[in-house]
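Colleague: Encoded as structure tokens, here's the structure I'll be asking about.
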Amino acid sequence: GANGARYTWSQTKSEVGIRIPLGPSRKAKEIKVKPFPNRLEIRCAVGGGSPEDGEVLLAGPLPKKVKIDEVFWSIEEEEEEDEALGRHMSVQMAKAEAMERWPCLIEAPGHPRIDVARLQFRADGVAGLDIWE
């Protein structure tokens, strides 16, 4: 992936979800998520340093705006039905404009894009097109 970014993402009418695989040694206190209205930065401390100057797990411009006070994340342990992903961090971001179709998560070369014309939001809010890359 671009800049070594490995992630999957999905969207509903009102939210964007991201999952980033983590190694077994990553701890929550080593991770810093910095959301901006139209940019996201996720870094991880390296060698006892501060996460602020750490390795970039995912960073770049967002195609649409998010509500920065409604960005939540957690570390999820491996789920049995999801073994391929293993331990990962899960990020949920609220779209500033509900019903906006995001063509990508990060607006930069090398990041996966989808055809928004084929994206249907179902009544339950989950995007009908399978956009987990």
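In the structure tokens, chains take letters A, B, ... by order of appearance, with residues numbered from 1 within each chain and ligands from 1 in the order shown.
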Under the rule of at most 6 Å, produce a per-residue listing of range 15-64 of chain A near range 100-113 of chain A: chain, number, name, the closest pair of atoms, and the distance in Å, as CSV, using only C-alpha atoms.

Modeller:
```
residue,atom,partner,partner_atom,distance
A:Gly60,CA,A:Ile106,CA,5.7
A:Pro61,CA,A:Glu107,CA,5.4
A:Leu62,CA,A:Ile106,CA,5.0
A:Pro63,CA,A:Glu107,CA,5.4
```

Colleague: For those residues, write N, CA, C and O atoms to a file as a PDB file, in the first residue's frame.

Modeller:
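Wrote out_20.pdb, looks like this:
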```pdb
ATOM      1  N   GLY A  60      -2.880  11.300   5.937  1.00  0.00           N
ATOM      2  CA  GLY A  60      -3.147  11.896   4.636  1.00  0.00           C
ATOM      3  C   GLY A  60      -4.444  12.664   4.639  1.00  0.00           C
ATOM      4  O   GLY A  60      -5.189  12.674   5.613  1.00  0.00           O
ATOM      5  N   PRO A  61      -4.719  13.331   3.512  1.00  0.00           N
ATOM      6  CA  PRO A  61      -5.936  14.125   3.390  1.00  0.00           C
ATOM      7  C   PRO A  61      -7.163  13.235   3.194  1.00  0.00           C
ATOM      8  O   PRO A  61      -7.099  12.233   2.480  1.00  0.00           O
ATOM      9  N   LEU A  62      -8.252  13.618   3.837  1.00  0.00           N
ATOM     10  CA  LEU A  62      -9.521  12.906   3.673  1.00  0.00           C
ATOM     11  C   LEU A  62     -10.285  13.525   2.493  1.00  0.00           C
ATOM     12  O   LEU A  62     -10.182  14.733   2.259  1.00  0.00           O
ATOM     13  N   PRO A  63     -11.071  12.723   1.760  1.00  0.00           N
ATOM     14  CA  PRO A  63     -11.791  13.270   0.614  1.00  0.00           C
ATOM     15  C   PRO A  63     -12.952  14.178   1.016  1.00  0.00           C
ATOM     16  O   PRO A  63     -13.360  15.049   0.261  1.00  0.00           O
TER      17      PRO A  63
END
```

Colleague: Range 72-76 of chain A: which residues within 7 Å, counting only C-alpha atoms, same-chain residues fewer than 5 positions away excluded, as a ChimeraX atom specification?

Modeller: /A:28,87-93

Colleague: So that I have them on file, write out the residues from the current selection with C-alpha atoms, as a PDB file, in the first residue's frame.

Modeller:
```pdb
ATOM      1  CA  ALA A  28      -2.798   1.918  23.164  1.00  0.00           C
ATOM      2  CA  ARG A  87      -5.169  -7.799  16.348  1.00  0.00           C
ATOM      3  CA  HIS A  88      -5.997  -4.387  14.970  1.00  0.00           C
ATOM      4  CA  MET A  89      -6.991  -0.861  15.789  1.00  0.00           C
ATOM      5  CA  SER A  90     -10.507   0.160  14.899  1.00  0.00           C
ATOM      6  CA  VAL A  91     -11.291   3.818  14.174  1.00  0.00           C
ATOM      7  CA  GLN A  92     -14.802   5.257  13.781  1.00  0.00           C
ATOM      8  CA  MET A  93     -15.230   8.754  12.354  1.00  0.00           C
TER       9      MET A  93
END
```

Colleague: Determine the nearest neighbour of Glu52 in chain A from the options A:Arg118, A:Arg39, A:Lys13, A:Lys29, counting only C-alpha atoms.

Modeller: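 Counting only C-alpha atoms, the residue closest to Glu52 in chain A is A:Lys29.
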
Colleague: When DSSP is applied to the backbone of this structure, which of chain A are assigned helix (DSSP H, G or I)? Write them out as a PyMOL selection string.

Modeller: chain A and resi 2-4+28-30+51-53+80-82+116-118
